[in-house]
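J.: You'll find upload_29.tsv just under this line, and it carries TSV, C-alpha atoms.
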chain	number	residue	atom	x	y	z
A	920	MET	CA	0.00	0.00	0.00
A	921	ALA	CA	1.39	3.40	-0.95
A	922	THR	CA	2.14	5.89	1.74
A	923	GLY	CA	0.97	9.48	1.46
A	924	LYS	CA	2.83	12.55	2.62
A	925	ILE	CA	2.00	14.28	5.86
A	926	ILE	CA	1.27	17.88	4.94
A	927	ALA	CA	1.84	20.54	7.59
A	928	ARG	CA	0.21	23.92	7.26
A	929	GLY	CA	0.79	27.10	9.23
A	930	ASN	CA	-1.77	28.78	11.42
A	931	ALA	CA	-2.44	32.47	11.88
A	932	LYS	CA	0.42	32.83	14.34
A	933	GLY	CA	2.97	31.06	12.19
A	934	ASN	CA	2.95	27.84	14.17
A	935	VAL	CA	2.98	24.58	12.24
A	936	PHE	CA	-0.22	22.61	12.51
A	937	ASP	CA	-0.05	18.94	11.58
A	938	PRO	CA	-3.50	17.35	11.75
A	939	PHE	CA	-2.11	13.81	11.73
A	940	HIS	CA	0.28	14.47	14.60
A	941	LYS	CA	-2.37	16.32	16.59
A	942	ALA	CA	-5.28	13.99	15.97
A	943	GLY	CA	-3.30	10.78	15.67
A	944	ILE	CA	-5.75	9.09	13.28
A	945	ILE	CA	-5.88	7.69	9.78
A	946	SER	CA	-6.68	10.17	7.02
A	947	ARG	CA	-6.96	10.23	3.26
A	948	LEU	CA	-4.21	11.99	1.36
A	949	LYS	CA	-4.05	13.10	-2.27
A	950	SER	CA	-0.92	12.18	-4.22
A	951	LYS	CA	0.58	15.04	-6.24
A	952	ARG	CA	1.97	12.60	-8.79
A	953	ARG	CA	-0.96	10.22	-9.21
A	954	ASN	CA	-4.67	10.89	-9.26
A	955	LYS	CA	-5.73	8.38	-6.64
A	956	THR	CA	-6.41	8.25	-2.90
A	957	GLU	CA	-3.69	6.96	-0.58
A	958	PHE	CA	-3.83	5.93	3.06
A	959	MET	CA	-1.41	5.77	5.94
A	960	THR	CA	-0.45	2.32	7.15
A	961	THR	CA	-1.13	1.30	10.74
A	962	ASP	CA	2.61	1.40	11.55
A	963	GLU	CA	2.87	4.99	10.28
A	964	LEU	CA	-0.30	5.88	12.12
A	965	GLN	CA	1.05	4.58	15.43
A	966	SER	CA	4.02	6.95	15.22
A	967	THR	CA	1.74	9.95	14.65
A	968	LYS	CA	-0.54	9.48	17.67
A	969	LYS	CA	-0.03	12.23	20.20
A	970	LYS	CA	1.45	11.11	23.50
A	971	ARG	CA	-0.14	12.51	26.65
A	972	THR	CA	0.41	12.07	30.35
A	973	LEU	CA	-2.33	10.93	32.73
A	974	ARG	CA	-2.64	14.51	33.96
A	975	GLU	CA	-3.15	15.76	30.41
A	976	TYR	CA	-5.90	13.21	29.84
A	977	GLY	CA	-7.49	14.47	33.04
A	978	GLY	CA	-7.58	17.90	31.43
A	979	ILE	CA	-9.25	16.40	28.34
A	980	THR	CA	-11.88	14.83	30.61
A	981	LEU	CA	-12.57	18.23	32.19
A	982	ARG	CA	-13.08	19.64	28.68
A	983	GLY	CA	-15.50	16.78	28.04
A	984	ILE	CA	-17.44	17.75	31.17
A	985	ALA	CA	-17.72	21.31	29.84
A	986	MET	CA	-18.95	19.95	26.51
A	987	GLY	CA	-21.50	17.70	28.19
A	988	ALA	CA	-22.80	20.53	30.37
A	989	ALA	CA	-23.23	22.70	27.27
A	990	ASP	CA	-24.95	19.93	25.32
A	991	ILE	CA	-27.64	19.59	27.99
A	992	VAL	CA	-28.75	23.18	27.53
A	993	PRO	CA	-30.91	24.00	24.46
A	994	GLY	CA	-29.12	26.80	22.62
A	995	VAL	CA	-25.54	26.06	23.67
A	996	SER	CA	-23.42	23.74	21.52
A	997	GLY	CA	-20.91	21.23	22.81
A	998	GLY	CA	-19.06	21.90	19.58
A	999	THR	CA	-18.71	25.52	20.63
A	1000	MET	CA	-17.11	24.44	23.91
A	1001	ALA	CA	-14.74	22.08	22.06
A	1002	LEU	CA	-13.74	24.90	19.73
A	1003	ILE	CA	-13.23	27.30	22.63
A	1004	LEU	CA	-11.21	24.76	24.62
A	1005	GLY	CA	-8.90	23.92	21.71
A	1006	ILE	CA	-9.83	20.28	21.02
A	1007	TYR	CA	-12.35	20.72	18.18
A	1008	GLU	CA	-10.26	19.72	15.16
A	1009	GLU	CA	-8.65	16.82	17.00
A	1010	LEU	CA	-12.12	15.64	18.03
A	1011	ILE	CA	-13.40	15.72	14.44
A	1012	GLU	CA	-10.31	13.95	13.08
A	1013	SER	CA	-10.47	11.30	15.80
A	1014	ILE	CA	-14.12	10.58	15.04
A	1015	ARG	CA	-13.35	10.37	11.33
A	1016	ALA	CA	-11.04	7.44	11.98
A	1017	VAL	CA	-14.03	5.27	12.87
A	1018	GLY	CA	-15.25	5.47	9.28
A	1019	GLN	CA	-11.90	4.73	7.60
A	1020	PRO	CA	-11.47	1.48	5.56
A	1021	GLU	CA	-8.23	0.55	7.34
A	1022	LEU	CA	-10.04	0.38	10.68
A	1023	TRP	CA	-12.84	-1.83	9.37
A	1024	ARG	CA	-10.37	-4.15	7.67
A	1025	ALA	CA	-8.61	-4.52	11.02
A	1026	ILE	CA	-11.93	-5.20	12.78
A	1027	ILE	CA	-13.04	-7.79	10.23
A	1028	LYS	CA	-9.70	-9.60	10.48
A	1029	PHE	CA	-9.72	-9.35	14.32
A	1030	ARG	CA	-6.45	-7.39	14.40
A	1031	VAL	CA	-7.15	-5.91	17.83
A	1032	LYS	CA	-3.74	-4.27	18.18
A	1033	ASP	CA	-4.14	-2.51	14.84
A	1034	VAL	CA	-7.57	-1.23	15.89
A	1035	PHE	CA	-6.05	0.46	18.94
A	1036	LYS	CA	-3.25	1.85	16.76
A	1037	ILE	CA	-5.67	3.41	14.29
A	1038	VAL	CA	-8.23	4.89	16.68
A	1039	ASN	CA	-7.20	7.77	18.93
A	1040	TRP	CA	-9.07	5.91	21.64
A	1041	GLU	CA	-7.38	7.45	24.67
A	1042	PHE	CA	-8.46	10.93	23.61
A	1043	LEU	CA	-12.00	9.84	22.66
A	1044	LEU	CA	-12.39	7.89	25.91
A	1045	ALA	CA	-11.36	10.92	27.97
A	1046	VAL	CA	-13.80	13.21	26.13
A	1047	ALA	CA	-16.65	10.68	26.28
A	1048	THR	CA	-16.06	10.08	29.99
A	1049	GLY	CA	-16.32	13.80	30.68
A	1050	ILE	CA	-19.50	14.15	28.63
A	1051	LEU	CA	-21.09	11.17	30.38
A	1052	ILE	CA	-20.16	12.52	33.81
A	1053	ALA	CA	-21.76	15.86	32.96
A	1054	ILE	CA	-24.96	14.28	31.63
A	1055	LEU	CA	-25.42	11.97	34.62
A	1056	THR	CA	-24.52	14.52	37.31
A	1057	LEU	CA	-25.58	17.90	35.95
A	1058	SER	CA	-28.80	17.22	34.01
A	1059	GLN	CA	-31.09	17.51	37.03
A	1060	GLY	CA	-29.32	20.60	38.35
A	1061	LEU	CA	-29.34	22.36	35.00
A	1062	GLU	CA	-32.99	21.45	34.48
A	1063	TYR	CA	-33.83	23.04	37.83
A	1064	VAL	CA	-31.72	26.16	37.26
A	1065	LEU	CA	-33.13	26.69	33.76
A	1066	LYS	CA	-36.66	26.61	35.13
A	1067	THR	CA	-35.89	28.71	38.23
A	1068	TYR	CA	-33.29	31.25	37.04
A	1069	PRO	CA	-33.52	31.29	33.22
A	1070	VAL	CA	-32.41	34.91	32.78
A	1071	TYR	CA	-29.16	34.40	34.68
A	1072	ILE	CA	-28.23	31.13	32.93
A	1073	TRP	CA	-28.95	32.46	29.44
A	1074	SER	CA	-26.99	35.63	30.24
A	1075	PHE	CA	-23.93	33.60	31.21
A	1076	PHE	CA	-24.10	31.50	28.06
A	1077	PHE	CA	-24.69	34.60	25.93
A	1078	GLY	CA	-21.36	35.96	27.18
A	1079	LEU	CA	-19.64	32.62	26.53
A	1080	VAL	CA	-20.76	32.38	22.91
A	1081	LEU	CA	-20.18	36.08	22.16
A	1082	ALA	CA	-16.59	35.81	23.35
A	1083	SER	CA	-16.08	32.58	21.43
A	1084	VAL	CA	-16.96	34.42	18.20
A	1085	TYR	CA	-13.99	36.69	18.82
A	1086	THR	CA	-11.56	33.94	19.83
A	1087	VAL	CA	-12.47	31.65	16.93
A	1088	SER	CA	-12.14	34.52	14.44
A	1089	LYS	CA	-8.46	34.74	15.47
A	1090	GLN	CA	-7.95	31.25	14.02
A	1091	VAL	CA	-8.81	32.39	10.48
A	1092	LYS	CA	-5.55	32.89	8.62
A	1093	HIS	CA	-6.56	35.33	5.88
A	1094	TRP	CA	-9.82	37.27	5.99
A	1095	ALA	CA	-11.45	38.10	2.65
A	1096	VAL	CA	-14.79	39.31	1.29
A	1097	THR	CA	-15.89	35.74	0.56
A	1098	LEU	CA	-15.32	34.80	4.20
A	1099	GLY	CA	-17.44	37.76	5.29
A	1100	VAL	CA	-20.23	36.49	3.04
A	1101	ALA	CA	-19.86	33.02	4.60
A	1102	VAL	CA	-20.17	34.52	8.10
A	1103	GLY	CA	-23.33	36.34	7.04
A	1104	ALA	CA	-24.84	33.23	5.45
A	1105	GLY	CA	-24.11	31.14	8.54
A	1106	ALA	CA	-25.56	33.80	10.83
A	1107	ILE	CA	-28.77	34.12	8.80
A	1108	GLY	CA	-29.18	30.35	8.62
A	1109	ALA	CA	-28.74	29.89	12.36
A	1110	TYR	CA	-31.00	32.87	13.13
A	1111	ILE	CA	-33.82	31.33	11.09
A	1112	LEU	CA	-33.24	27.84	12.48
A	1113	VAL	CA	-33.32	28.80	16.16
A	1114	GLY	CA	-36.56	30.69	15.55
A	1115	ALA	CA	-38.28	27.63	14.08
A	1116	VAL	CA	-41.42	26.26	15.73
A	1117	PRO	CA	-41.13	22.92	17.56
A	1118	ALA	CA	-43.00	20.12	15.83
A	1119	GLN	CA	-45.34	17.47	17.18
A	1120	THR	CA	-43.58	14.22	16.36
A	1121	PRO	CA	-44.13	10.48	16.98
A	1122	THR	CA	-42.75	8.72	20.05
A	1123	THR	CA	-41.51	5.62	18.23
A	1124	TRP	CA	-38.12	3.90	18.34
A	1125	TRP	CA	-37.14	4.93	14.80
A	1126	PHE	CA	-37.89	8.60	15.47
A	1127	TYR	CA	-35.77	8.54	18.63
A	1128	MET	CA	-32.92	7.17	16.49
A	1129	LEU	CA	-33.50	9.87	13.87
A	1130	SER	CA	-33.59	12.52	16.59
A	1131	GLY	CA	-30.29	11.26	18.01
A	1132	ALA	CA	-28.64	11.34	14.58
A	1133	LEU	CA	-29.80	14.88	13.78
A	1134	ALA	CA	-29.00	16.16	17.26
A	1135	ILE	CA	-25.45	14.79	17.27
A	1136	CYS	CA	-24.74	16.37	13.88
A	1137	ALA	CA	-25.80	19.73	15.29
A	1138	MET	CA	-24.00	19.05	18.55
A	1139	ILE	CA	-20.57	19.03	16.88
A	1140	LEU	CA	-21.35	22.21	14.95
A	1141	PRO	CA	-20.43	25.31	16.98
A	1142	GLY	CA	-23.43	27.60	17.25
A	1143	ILE	CA	-26.12	24.96	16.72
A	1144	SER	CA	-27.19	23.12	19.83
A	1145	GLY	CA	-27.97	19.42	19.63
A	1146	ALA	CA	-30.32	19.89	22.57
A	1147	PHE	CA	-32.14	22.63	20.66
A	1148	ILE	CA	-32.60	20.30	17.68
A	1149	LEU	CA	-34.28	17.92	20.12
A	1150	VAL	CA	-36.52	20.82	21.19
A	1151	LEU	CA	-37.50	21.46	17.55
A	1152	LEU	CA	-38.23	17.76	17.11
A	1153	GLY	CA	-40.31	17.73	20.29
A	1154	LYS	CA	-38.01	15.26	22.02
A	1155	TYR	CA	-35.90	17.37	24.41
A	1156	LEU	CA	-38.02	16.85	27.53
A	1157	ASP	CA	-38.52	13.19	26.64
A	1158	VAL	CA	-34.77	12.57	26.40
A	1159	LEU	CA	-33.95	14.64	29.49
A	1160	THR	CA	-36.58	12.75	31.49
A	1161	ALA	CA	-35.25	9.44	30.17
A	1162	VAL	CA	-31.77	10.38	31.44
A	1163	ASN	CA	-33.07	11.45	34.84
A	1164	ASN	CA	-35.25	8.31	35.17
A	1165	ARG	CA	-32.54	5.98	33.79
A	1166	ASP	CA	-34.82	4.90	30.93
A	1167	PHE	CA	-32.11	2.96	29.10
A	1168	VAL	CA	-34.40	1.81	26.27
A	1169	THR	CA	-35.09	5.37	25.10
A	1170	ILE	CA	-31.50	6.38	25.77
A	1171	GLY	CA	-30.32	3.38	23.75
A	1172	PHE	CA	-32.34	4.30	20.65
A	1173	VAL	CA	-31.15	7.91	20.82
A	1174	GLY	CA	-27.57	6.72	21.36
A	1175	ILE	CA	-27.60	4.37	18.35
A	1176	GLY	CA	-28.82	7.18	16.14
A	1177	ALA	CA	-26.20	9.51	17.59
A	1178	VAL	CA	-23.34	7.11	16.81
A	1179	ILE	CA	-24.52	6.70	13.21
A	1180	GLY	CA	-24.91	10.44	12.70
A	1181	LEU	CA	-21.64	11.27	14.42
A	1182	VAL	CA	-19.44	8.98	12.34
A	1183	THR	CA	-20.99	9.91	9.00
A	1184	PHE	CA	-21.13	13.67	9.57
A	1185	ALA	CA	-17.60	13.85	10.95
A	1186	GLN	CA	-16.27	12.55	7.62
A	1187	LEU	CA	-17.70	15.57	5.80
A	1188	LEU	CA	-16.68	18.07	8.46
A	1189	GLY	CA	-13.12	16.78	8.66
A	1190	TRP	CA	-12.80	16.96	4.87
A	1191	LEU	CA	-14.06	20.56	4.89
A	1192	PHE	CA	-11.47	21.55	7.52
A	1193	LYS	CA	-8.67	20.09	5.40
A	1194	LYS	CA	-9.79	21.57	2.08
A	1195	TYR	CA	-11.47	24.83	3.13
A	1196	HIS	CA	-10.16	25.61	6.62
A	1197	ASP	CA	-10.82	29.36	6.71
A	1198	MET	CA	-14.17	29.11	4.91
A	1199	THR	CA	-15.36	26.41	7.31
A	1200	LEU	CA	-14.37	28.50	10.32
A	1201	ALA	CA	-16.15	31.52	8.82
A	1202	VAL	CA	-19.40	29.57	8.48
A	1203	LEU	CA	-19.05	28.28	12.06
A	1204	ILE	CA	-18.52	31.84	13.31
A	1205	GLY	CA	-21.72	32.84	11.52
A	1206	LEU	CA	-23.60	29.97	13.13
A	1207	MET	CA	-22.50	31.14	16.57
A	1208	LEU	CA	-23.57	34.72	15.82
A	1209	GLY	CA	-26.99	33.59	14.61
A	1210	SER	CA	-27.49	31.39	17.66
A	1211	LEU	CA	-27.35	34.45	19.93
A	1212	ARG	CA	-31.02	34.95	19.04
A	1213	LYS	CA	-31.85	31.85	21.06
A	1214	LEU	CA	-29.58	32.84	23.95
A	1215	TRP	CA	-31.05	36.31	24.55
A	1216	PRO	CA	-32.14	36.12	28.22
A	1217	TRP	CA	-35.41	38.08	28.12
A	1218	LYS	CA	-38.25	36.44	26.22
A	1219	LYS	CA	-42.03	36.52	26.04
A	1220	ASP	CA	-44.12	33.43	25.31
A	1221	MET	CA	-46.25	34.05	22.23
A	1222	GLU	CA	-47.68	30.69	21.14
A	1223	TRP	CA	-48.06	27.22	22.59
A	1224	LEU	CA	-48.43	23.77	21.08
A	1225	LEU	CA	-52.11	22.72	20.95
A	1226	ASP	CA	-53.74	19.31	20.66
A	1227	GLU	CA	-56.58	18.40	18.29
A	1228	PHE	CA	-59.08	19.92	20.74
A	1229	GLY	CA	-57.30	23.28	20.86
A	1230	GLU	CA	-55.97	22.70	24.38
A	1231	LYS	CA	-52.40	23.51	25.39
A	1232	ILE	CA	-50.15	20.47	25.43
A	1233	ILE	CA	-48.54	19.73	28.80
A	1234	ARG	CA	-45.45	17.56	28.94
A	1235	HIS	CA	-43.84	16.57	32.23
A	1236	GLY	CA	-45.86	19.23	34.05
A	1237	GLU	CA	-44.82	22.05	31.69
A	1238	VAL	CA	-46.83	23.83	29.00
A	1239	VAL	CA	-44.96	23.44	25.70
A	1240	VAL	CA	-44.12	26.86	24.22
A	1241	SER	CA	-43.81	26.92	20.41
A	1242	VAL	CA	-42.97	30.59	19.75
A	1243	GLN	CA	-41.06	33.09	21.91
A	1244	LYS	CA	-40.21	36.71	21.23
A	1245	ASN	CA	-37.06	38.48	22.39
A	1246	ILE	CA	-37.89	41.58	24.43
A	1247	LEU	CA	-36.07	44.32	26.29
A	1248	PRO	CA	-35.59	43.59	29.99
A	1249	PRO	CA	-38.28	44.98	32.32
A	1250	HIS	CA	-37.00	48.03	34.20
A	1251	GLU	CA	-39.92	49.40	36.19
A	1252	THR	CA	-38.91	48.29	39.69
A	1253	THR	CA	-35.77	48.05	41.79
A	1254	GLY	CA	-35.96	44.26	41.50
A	1255	ASP	CA	-35.91	44.59	37.71
A	1256	TRP	CA	-32.74	46.67	37.81
A	1257	ILE	CA	-31.10	44.20	40.19
A	1258	GLU	CA	-31.92	41.40	37.75
A	1259	ILE	CA	-30.46	43.40	34.86
A	1260	GLY	CA	-27.29	44.10	36.81
A	1261	LEU	CA	-26.79	40.45	37.79
A	1262	ALA	CA	-27.56	39.27	34.25
A	1263	PHE	CA	-25.03	41.62	32.65
A	1264	SER	CA	-22.47	40.73	35.32
A	1265	LEU	CA	-22.85	37.03	34.51
A	1266	ALA	CA	-22.56	37.76	30.79
A	1267	ILE	CA	-19.32	39.66	31.42
A	1268	ILE	CA	-18.02	36.81	33.61
A	1269	GLY	CA	-18.76	34.34	30.80
A	1270	PHE	CA	-17.08	36.62	28.24
A	1271	VAL	CA	-13.94	37.09	30.34
A	1272	ALA	CA	-13.79	33.38	31.20
A	1273	ILE	CA	-13.52	32.50	27.51
A	1274	LEU	CA	-10.79	35.09	26.94
A	1275	VAL	CA	-8.83	33.71	29.87
A	1276	LEU	CA	-9.25	30.11	28.69
A	1277	ASN	CA	-8.13	31.10	25.21
A	1278	ARG	CA	-5.07	32.91	26.59
A	1279	VAL	CA	-4.12	29.90	28.72
A	1280	ALA	CA	-4.54	27.53	25.76
A	1281	THR	CA	-2.43	29.82	23.53
A	1282	THR	CA	0.28	30.05	26.18
A	1283	ASN	CA	0.38	26.27	26.58
A	1284	GLU	CA	0.73	25.82	22.82
Re-express the file's structure as structure tokens.

T.:
Amino acid sequence: MATGKIIARGNAKGNVFDPFHKAGIISRLKSKRRNKTEFMTTDELQSTKKKRTLREYGGITLRGIAMGAADIVPGVSGGTMALILGIYEELIESIRAVGQPELWRAIIKFRVKDVFKIVNWEFLLAVATGILIAILTLSQGLEYVLKTYPVYIWSFFFGLVLASVYTVSKQVKHWAVTLGVAVGAGAIGAYILVGAVPAQTPTTWWFYMLSGALAICAMILPGISGAFILVLLGKYLDVLTAVNNRDFVTIGFVGIGAVIGLVTFAQLLGWLFKKYHDMTLAVLIGLMLGSLRKLWPWKKDMEWLLDEFGEKIIRHGEVVVSVQKNILPPHETTGDWIEIGLAFSLAIIGFVAILVLNRVATTNE
């Protein structure tokens, strides 16, 4: 089997970025001399996997916890957190390995050692462990806080995403008019999507699988929340309740769909990062900007989902809102002004936290 060349490309700060060294996974390479696709061998792949200490994997797990906490909240993307915390491209490349022919050949032939050489399993295990910890330990708390203090939580996340727009824009190497158009297109698309009306959908096994597949695709896109896709599909409360009640049947169907969607979508996203790095980042920045519509803290309920008799639908003790309108914060009383002050303070804390995290990550690099 022919061996492709590892191509290193510089980032905005002049540092060399090698996706194979960083991600440590198998990837397709184009030969300059022959018009055919080449692959790395498992021996070559083993030498490219990034070595980490146990402490460093602990840090990856903490990043996974942040991703999981974000994924629980409708409107905040785990992909955004991965991008902010500096593991996004490695995550996409590591997931891509699962769909590579070399891996499946090793699985079919029961070459267990080769499977562990190909897959960046230590990194994926650390991230997955963090996400699972967050889902199992924080889902009830976040559910309570969202219902009790929605303005404060949305304000904090608004600051997080707004700051991430700035930090991610620094990763674009060369800004051009076409990239500005891509930002605008992504922002408009996300703005329209997050304003969509939730649908009434079936509660069957195949739809839970479909919901998991669509949600996971959105989950790894910064700016589009996988949890919010579940809201649009009318399955967010069902899935959250299934997690809290340990309903493993429902969780299993959603999980199977998520695995299928994750592996297939990561192939496309990884290819886009290799071929159109700056353009892909520009679209992702636009998606984050457009998602701020959903994160605005002050909203007014306008419409509710109705059944065939015209009665409001109640799920898990809550009336299901279909349309909300962003409004200016109330400011008639002292309590209103206190709420505004706390909300803006939390937004600033979220904004500064992202800048600090980005500075620490840059310093470590």

J.: Which of these, A:Gly1174, A:Pro1121, A:Gly1114, A:Pro1020, has the shortest distance to Lys1213 in chain A once you count only C-alpha atoms?

T.: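 Counting only C-alpha atoms, the residue closest to Lys1213 in chain A is A:Gly1114.
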
J.: Write out as a compact mmCIF listing (two decimals) with C-alpha atoms, keeping the file's coordinate frame the residues lying within 7 Å of range 1188-1203 of chain A, counting all atoms listed in the file and excluding same-chain residues fewer than 5 positions away.

T.:
# COMPACT_ATOMS: atom_id res chain seq x y z
CA ILE A 1011 -13.40 15.72 14.44
CA GLU A 1012 -10.31 13.95 13.08
CA ARG A 1015 -13.35 10.37 11.33
CA VAL A 1091 -8.81 32.39 10.48
CA LYS A 1092 -5.55 32.89 8.62
CA LEU A 1098 -15.32 34.80 4.20
CA ALA A 1101 -19.86 33.02 4.60
CA VAL A 1102 -20.17 34.52 8.10
CA GLY A 1105 -24.11 31.14 8.54
CA PRO A 1141 -20.43 25.31 16.98
CA GLY A 1142 -23.43 27.60 17.25

J.: Just give me the residues with any atom within 10 Å of (-29.5, 9.2, 26.0), file coordinates, counting all atoms listed in the file, written as a PyMOL selection string.

T.: chain A and resi 1051+1054-1055+1127+1131+1157-1163+1165-1175+1177

J.: Set the distance at 9 Å and use all atoms listed in the file: which residues neighbour Ile1003 in chain A once local chain neighbours fewer than 2 positions away are removed? I'd like the list as number ranges by chain.

T.: A: 998-1001, 1005-1007, 1083, 1086-1087, 1273, 1276-1277

J.: Nearest to Met1138 in chain A: which of A:Ser996, A:Ser1264, A:Thr972, A:Thr1253 is it, counting all atoms listed in the file?

T.: A:Ser996

J.: Counting all atoms listed in the file, which residue out of A:Lys1154, A:Arg1212, A:His1093, A:Lys1032 sits closest to Phe1077 in chain A?

T.: A:Arg1212

J.: Taking into account all atoms listed in the file, which residue in the set A:Pro1216, A:Val1038, A:Val1080, A:Asn1245 is nearest to Gln1019 in chain A?

T.: A:Val1038

J.: Quote the spacing between CA of Thr1183 in chain A and CA of Ile1014 in chain A in Å to one decimal place.

T.: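 Spanning CA of Thr1183 in chain A to CA of Ile1014 in chain A is a straight-line distance of 9.2 Å.
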
J.: In Å to one decimal, how far is CA of Val1070 in chain A from CA of Ile1111 in chain A?

T.: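 Answer for the CA of Ile1111 in chain A to CA of Val1070 in chain A separation: 22.0 Å.
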
J.: Find the smallest box with edges along x, y and z containing every listed atom of range 1183-1202 of chain A, then add 5 Å on each side and report centre and edge lengths in Å to one decimal, as AutoDock Vina command-line options.

T.:
--center_x -14.9 --center_y 20.7 --center_z 6.5 --size_x 22.5 --size_y 31.6 --size_z 18.9

J.: Closest to Phe1184 in chain A among A:Gly1018, A:Gly1103, A:Gly1254, A:Gly978, using only C-alpha atoms?

T.: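 Once distances to Phe1184 in chain A are computed over only C-alpha atoms, the minimum belongs to A:Gly1018.
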
J.: Rank nothing, just name the residue among A:Gly1060, A:Asp990, A:Lys970, A:Lys1089 nearest to Ile1148 in chain A, using all atoms listed in the file.

T.: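 Selected residue with least distance to Ile1148 in chain A: A:Asp990.
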
J.: Find the spatial neighbours of Ser1074 in chain A, counting only C-alpha atoms, within a cut-off of 9 Å - ignore same-chain residues fewer than 3 positions away - and output them as a compact mmCIF listing (two decimals) with C-alpha atoms, in the frame of the given file.

T.:
# COMPACT_ATOMS: atom_id res chain seq x y z
CA PRO A 1069 -33.52 31.29 33.22
CA VAL A 1070 -32.41 34.91 32.78
CA TYR A 1071 -29.16 34.40 34.68
CA PHE A 1077 -24.69 34.60 25.93
CA GLY A 1078 -21.36 35.96 27.18
CA LEU A 1079 -19.64 32.62 26.53
CA LEU A 1214 -29.58 32.84 23.95
CA TRP A 1215 -31.05 36.31 24.55
CA PRO A 1216 -32.14 36.12 28.22
CA LEU A 1261 -26.79 40.45 37.79
CA ALA A 1262 -27.56 39.27 34.25
CA PHE A 1263 -25.03 41.62 32.65
CA SER A 1264 -22.47 40.73 35.32
CA LEU A 1265 -22.85 37.03 34.51
CA ALA A 1266 -22.56 37.76 30.79
CA ILE A 1267 -19.32 39.66 31.42
CA GLY A 1269 -18.76 34.34 30.80

J.: So how far away is CA of Leu1181 in chain A from CA of Cys1136 in chain A, in Å?

T.: 6.0 Å
